[in-house]
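Chemist: The structure that follows is given in the form of structure tokens.
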Amino acid sequence: SVQFLAARAAASHSKESSMTTATADDAIAGLEPAPLWRFFKDLTQIPRPSKHEERVLQYLKEFAASRQLAWQQDAVGNLVIRRPGSGGGQGAPPVVIQGHIDMVCEKAPAVPHDFLRDPLTLVRRGDWLSAQGTTLGADNGIGVAAALALLDCPPSAKLPPLECLFTIDEETGLTGAFEISPDLLTGRTMLNLDTEDWGEVFIGCAGGGDMRLVLQVALQRRPEQPAMRPFKLQLGGLLGGHSGLNIGEGRGNAVQLLGRALEALGRAAAGDGTAATAGAVAAAAGGVGDAGWRLVAAGGGDKRNAIARDAWAVVLVAEERVAAVTAAVQSLLEELRTEYGTLEKDLTLTLTPYDTNYDDNGEQQQQQRVNLAEVVAPADVARLLALLRGLPHGPLKYSHAVPGLVETSNNVASLQEQQPATPAEATAAEAANGTAGVRRYAIVTSTRSSLSAALEATRDVIQGLAGLAGCVELERGRAYPGWQPNLDSGVLQVTLDAYREVLGEGRGAKVGAIHAGLECGILGQRFPGMDMVSFGPTIKGAHSPEERVQLSTVRPFWELTLRILERLADVRQ
């Protein structure tokens with residue numbers, strides 16, 4: 001059975017797996033439609049990070065084989081499962097049902113979850129289903145589960161021929177859509193089940209593109225004077241969320257706020273009211289002033305398509321400036337709570353003595369383990385902070401044509417340390433600068449826009465800032481196209497008619513575009529003439545551990561899907 005296949009896919013897990021599976025069964029008990037929820041539960045028990053979809057692909061193949069359904073897979077890994085028409089729909093043109101099988105893997109800092117091994121722990125609270133301390137994968141697991149439920153419908157169901165397309169690696173580059181084989185689909189009507197607002201139907205989306213900026217910094221020996229103490233600066237508790245859907249809400253970005261916190265810390269450490277960057281440059285040039293602090297290491301953020309929730313830095317602070325620095329951090333926390341408090345209610349900013357063996361929770365340091373004998377050269381700290389704080393973040397322009405729609409945005413997604421490309425490069429840099437070594441920081445940005453020209457203009461600005469900051473590498477990833485709305489779409493009219501029936505009382509669905517990257521734009525280019533709509537149940541907090549699906553919207557979402565397909569089953573070419 002399908003449940004057995006899911007259990008086998010997670011068989012490498014420990015005893016906790018069986019406990020989690022039982023909890024998962026309890027979490028979906030009594031929910032309708034039962035087949036959809038059963039398949040979704042199975043998906044939550046199979047690890048499926050982006051670029052690691054092998055186990056869920058095997059599950060899908062065995063699902064198809066057990067039902068004698070034909071399947072086809074292309075070279076990149078996309079899979080299509082075909083179901084013949086039934087219940088009078090045998091002569092209709094095929095309809096594509098599309099969703100992606102990978103999920104964003106985000107977890108709360110204290111949660112010891114391994115997304116490559118561990119099943120998710122489902123939590124049901126009132127009208128919402130979530131996962132314990134991690135993303136849920138309802139994006140796009142609910143859409144995939146709906147497709148499986150359609151494929152599993154009885155032979156009497158009135159359905160057109162179905163081509164259920166399961167794409168891979170949507171979340172980290174839309175790889176499956178970009179590299180899909182042109183012979184994988186024959187249908188030219190598509191229902192994309194990857195949007196997250198019940199009561200709406202989407203007919204357009206933003207395009208986007210990522211960039212990776214690499215800044216090389218020089219390392220110096222820890223100064224002997226003045227005496228300095230190590231501290232850990234931690235900023236967290238932010239909402240994070242989807243870098244497209246939530247970018248217009250003004251949520252805090254932990255990476256950029258960390259830069260602001262380090263600037264405030266530096267001003268307090270300098271003790272003379274000067275800017276941290278100015279003091280750092282003076283110290284680096286051998287001037288009379290000393291910054292009174294040093295940056296040891298920093299990092300924050302994770303996924304390119306998520307707003308950074310947490311960031312950290314390890315710093316050295318002159319002993320005589322500890323009290324001033326502590327007060328400055330507390331003052332900034334109060335400022336940030338004034339700015340973000342009504343939205344970012346759990347925002348935290350702490351400065352605690354740094355223990356070389358254990359963090360605040362008593363757990364061993366992992367990515368935050370650092371060498372306190374080396375610090376970043378102050379002049380390079382100035383460049384790093386200027387770049388972090390100067391990069392555009394948030395909504396950059398709202399649409400003049402569609403009120404309230406973010407037209408162009410940028411997300412400063414992450415700051416991560418990386419090693420120099422080669423030992424030879426490191427040695428050369430050290431010799432040239434007379435330093436103890438070098439380090440490279442990679443900053444990832446994700447830009448979105450409904451207009452390709454505005455998208456590239458924003459990326460031009462980022463490239464220019466990278467040049468001013470002296471970045472040694474810049475990767476400008478290929479952009480993916482937006483999906484241009486077609487108000488004359490035939491499947492749009494069918495969807496709106498079906499929506500009115502499901503909503504009842506004369507209510508209709510809202511038609512709009514979404515400031516997020518859907519695969520529709522790429523698939524529309526790959527398969528000319530594809531007529532598409534996108535819809536789904538309500539999902540909140542996507543791309544964050546707060547991700548949750550509203551249970552009361554899933555059943556009408558399923559009914560809507562069936563009603564649309566019943567109408568399309570009557571179409572004849």
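Labeling convention for the structure tokens: chains A, B, ... as they appear, residues from 1 per chain, ligands from 1 in order of appearance.
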For range 325-341 of chain A, please output as a PyMOL selection string all residues within 6 Å (counting only C-alpha atoms; exclusion window: fewer than 2 positions along the same chain).

Modeler: chain A and resi 265+268-269+322-323+343-345+349

Chemist: I need the chosen residues saved as a PDB file, in the first residue's frame, with N, CA and C atoms.

Modeler:
ATOM      1  N   LEU A 265      27.235  48.726  18.103  1.00  0.00           N
ATOM      2  CA  LEU A 265      28.244  48.205  19.018  1.00  0.00           C
ATOM      3  C   LEU A 265      29.568  48.937  18.810  1.00  0.00           C
ATOM      4  N   ALA A 268      29.630  52.458  20.292  1.00  0.00           N
ATOM      5  CA  ALA A 268      29.791  52.430  21.742  1.00  0.00           C
ATOM      6  C   ALA A 268      31.206  52.023  22.142  1.00  0.00           C
ATOM      7  N   ALA A 269      31.787  51.092  21.390  1.00  0.00           N
ATOM      8  CA  ALA A 269      33.141  50.649  21.698  1.00  0.00           C
ATOM      9  C   ALA A 269      34.168  51.745  21.447  1.00  0.00           C
ATOM     10  N   VAL A 322      32.976  47.406  27.896  1.00  0.00           N
ATOM     11  CA  VAL A 322      31.928  46.383  27.942  1.00  0.00           C
ATOM     12  C   VAL A 322      30.606  46.967  28.423  1.00  0.00           C
ATOM     13  N   ALA A 323      30.648  47.766  29.462  1.00  0.00           N
ATOM     14  CA  ALA A 323      29.400  48.319  29.989  1.00  0.00           C
ATOM     15  C   ALA A 323      28.718  49.206  28.963  1.00  0.00           C
ATOM     16  N   LEU A 343       4.702  43.872  14.794  1.00  0.00           N
ATOM     17  CA  LEU A 343       4.780  42.762  13.848  1.00  0.00           C
ATOM     18  C   LEU A 343       5.738  41.687  14.339  1.00  0.00           C
ATOM     19  N   GLU A 344       6.966  42.101  14.671  1.00  0.00           N
ATOM     20  CA  GLU A 344       8.000  41.171  15.114  1.00  0.00           C
ATOM     21  C   GLU A 344       7.983  41.078  16.649  1.00  0.00           C
ATOM     22  N   LYS A 345       6.963  40.433  17.174  1.00  0.00           N
ATOM     23  CA  LYS A 345       6.739  40.425  18.618  1.00  0.00           C
ATOM     24  C   LYS A 345       7.755  39.576  19.377  1.00  0.00           C
ATOM     25  N   LEU A 349      17.561  40.469  20.740  1.00  0.00           N
ATOM     26  CA  LEU A 349      18.932  40.896  20.457  1.00  0.00           C
ATOM     27  C   LEU A 349      19.698  40.768  21.760  1.00  0.00           C
TER      28      LEU A 349
END

Chemist: As a PyMOL selection string, please: the residues near Leu415 in chain A (cut-off 7 Å, only C-alpha atoms, same-chain neighbours under 4 positions excluded).

Modeler: chain A and resi 255+299-301+441-444

Chemist: Can you write just those residues out, N, CA, C and O atoms, as a PDB file, in the first residue's frame?

Modeler:
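After the write, selection_18.pdb holds the following:
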ATOM      1  N   VAL A 255      19.895  39.600   8.730  1.00  0.00           N
ATOM      2  CA  VAL A 255      21.240  39.881   8.223  1.00  0.00           C
ATOM      3  C   VAL A 255      21.503  41.380   8.225  1.00  0.00           C
ATOM      4  O   VAL A 255      22.548  41.853   8.702  1.00  0.00           O
ATOM      5  N   GLY A 299      27.557  35.559  10.671  1.00  0.00           N
ATOM      6  CA  GLY A 299      26.782  34.801   9.700  1.00  0.00           C
ATOM      7  C   GLY A 299      25.297  34.977   9.969  1.00  0.00           C
ATOM      8  O   GLY A 299      24.894  35.459  11.025  1.00  0.00           O
ATOM      9  N   GLY A 300      24.478  34.560   9.018  1.00  0.00           N
ATOM     10  CA  GLY A 300      23.035  34.656   9.213  1.00  0.00           C
ATOM     11  C   GLY A 300      22.278  34.296   7.955  1.00  0.00           C
ATOM     12  O   GLY A 300      22.821  34.329   6.853  1.00  0.00           O
ATOM     13  N   GLY A 301      21.013  33.973   8.138  1.00  0.00           N
ATOM     14  CA  GLY A 301      20.188  33.595   7.000  1.00  0.00           C
ATOM     15  C   GLY A 301      20.579  32.229   6.476  1.00  0.00           C
ATOM     16  O   GLY A 301      21.587  31.640   6.866  1.00  0.00           O
ATOM     17  N   TYR A 441      33.453  36.021   2.641  1.00  0.00           N
ATOM     18  CA  TYR A 441      32.042  36.027   3.015  1.00  0.00           C
ATOM     19  C   TYR A 441      31.193  36.087   1.744  1.00  0.00           C
ATOM     20  O   TYR A 441      31.422  36.934   0.872  1.00  0.00           O
ATOM     21  N   ALA A 442      30.234  35.177   1.664  1.00  0.00           N
ATOM     22  CA  ALA A 442      29.312  35.156   0.534  1.00  0.00           C
ATOM     23  C   ALA A 442      27.968  35.733   0.978  1.00  0.00           C
ATOM     24  O   ALA A 442      27.393  35.303   1.983  1.00  0.00           O
ATOM     25  N   ILE A 443      27.503  36.705   0.232  1.00  0.00           N
ATOM     26  CA  ILE A 443      26.192  37.316   0.468  1.00  0.00           C
ATOM     27  C   ILE A 443      25.293  36.947  -0.707  1.00  0.00           C
ATOM     28  O   ILE A 443      25.642  37.196  -1.869  1.00  0.00           O
ATOM     29  N   VAL A 444      24.161  36.344  -0.411  1.00  0.00           N
ATOM     30  CA  VAL A 444      23.218  35.930  -1.453  1.00  0.00           C
ATOM     31  C   VAL A 444      22.021  36.865  -1.446  1.00  0.00           C
ATOM     32  O   VAL A 444      21.469  37.178  -0.386  1.00  0.00           O
TER      33      VAL A 444
END

Chemist: Using DSSP assignments from the backbone, pull out every residue in range 465-501 of chain A that falls under strand (DSSP E) and give it to me as a PyMOL selection string.

Modeler: chain A and resi 473-476

Chemist: Please, what distance in Å, to one decimal, runs between CA of Leu351 in chain A and CA of Val317 in chain A?

Modeler: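 Separation of CA of Leu351 in chain A and CA of Val317 in chain A: 11.0 Å.
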
Chemist: Would you please work out which residue, of A:Ala569, A:Leu295, A:Ile203, A:Leu215, is nearest to Pro485 in chain A when using only C-alpha atoms?

Modeler: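 That would be A:Ile203, the residue with the smallest distance to Pro485 in chain A.
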
Chemist: From a DSSP pass on the backbone, collect the residues of range 293-420 of chain A flagged as alpha helix (DSSP H) and hand them back as number ranges by chain.

Modeler: A: 322-340, 378-390

Chemist: Export, as a CSV table (one decimal), in the first residue's frame, the selected residues with C-alpha atoms.

Modeler:
chain,number,residue,atom,x,y,z
A,322,VAL,CA,31.9,46.4,27.9
A,323,ALA,CA,29.4,48.3,30.0
A,324,ALA,CA,28.9,50.9,27.2
A,325,VAL,CA,28.6,48.3,24.6
A,326,THR,CA,26.1,46.3,26.6
A,327,ALA,CA,24.0,49.4,27.1
A,328,ALA,CA,24.2,50.2,23.4
A,329,VAL,CA,22.9,46.8,22.5
A,330,GLN,CA,20.0,47.1,24.9
A,331,SER,CA,19.2,50.5,23.6
A,332,LEU,CA,19.1,49.2,20.0
A,333,LEU,CA,16.8,46.4,21.1
A,334,GLU,CA,14.4,48.9,22.4
A,335,GLU,CA,14.6,50.9,19.2
A,336,LEU,CA,14.0,47.8,17.1
A,337,ARG,CA,11.0,46.9,19.2
A,338,THR,CA,9.6,50.3,18.6
A,339,GLU,CA,10.1,49.9,14.9
A,340,TYR,CA,9.0,46.3,14.5
A,378,PRO,CA,38.9,46.7,10.8
A,379,ALA,CA,39.0,48.3,7.3
A,380,ASP,CA,37.4,45.2,5.9
A,381,VAL,CA,34.8,45.2,8.7
A,382,ALA,CA,33.9,48.6,7.4
A,383,ARG,CA,33.5,47.3,3.8
A,384,LEU,CA,31.5,44.4,5.0
A,385,LEU,CA,29.0,46.4,7.1
A,386,ALA,CA,28.7,49.1,4.4
A,387,LEU,CA,27.8,46.4,1.9
A,388,LEU,CA,25.3,44.6,4.2
A,389,ARG,CA,23.5,47.8,5.1
A,390,GLY,CA,23.7,49.4,1.7

Chemist: I'd like the contact shell of Asn78 in chain A - 12 Å cut-off, only C-alpha atoms, skipping same-chain residues fewer than 2 positions apart - returned as a ChimeraX atom specification.

Modeler: /A:51,53-54,56-58,60-61,71-76,80-81,98-102,164-170,174-185

Chemist: Kindly give the distance, in Å, that separates CA of Pro223 in chain A and CA of Arg369 in chain A, rounded to a single decimal.

Modeler: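 Going from CA of Pro223 in chain A over to CA of Arg369 in chain A covers 19.8 Å.
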
Chemist: Have a look at A:Ala227, A:Leu31, A:Ile564, A:Ile522 and name the one nearest to Gln493 in chain A; count only C-alpha atoms.

Modeler: A:Ile564

Chemist: So the first atom is CA of Glu319 in chain A and the second is CA of Gly266 in chain A; what is the distance between them in Å, to one decimal place?

Modeler: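 These two atoms are separated by 13.8 Å.
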
Chemist: Show which residues sit within 9 Å of Leu151 in chain A, as a list of chain:residue names. Count only C-alpha atoms, and ignore same-chain residues fewer than 3 positions away.

Modeler: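 That gives A:Ala64, A:Arg67, A:Leu69, A:Ile81, A:Arg82, A:Arg83, A:Ala146, A:Ala147, A:Leu148, A:Pro154, A:Leu162, A:Cys164.
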
Chemist: Can you tell me which residues surround Asn305 in chain A at a distance of at most 7 Å, considering only C-alpha atoms, apart from same-chain residues fewer than 5 positions away, and format the answer as a list in words?

Modeler: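 Final neighbour list, sorted by chain and number: His242, Ser243 and Ser446 of chain A.
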
Chemist: What's the 9 Å shell around Gly541 in chain A, counting only C-alpha atoms, without same-chain residues fewer than 5 positions away, as a list in words?

Modeler: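 Contacts, in chain order: Thr135, Leu239, Gly240, Gly241, His242, Asn246, Glu546, Glu547, Arg548 and Val549 of chain A.
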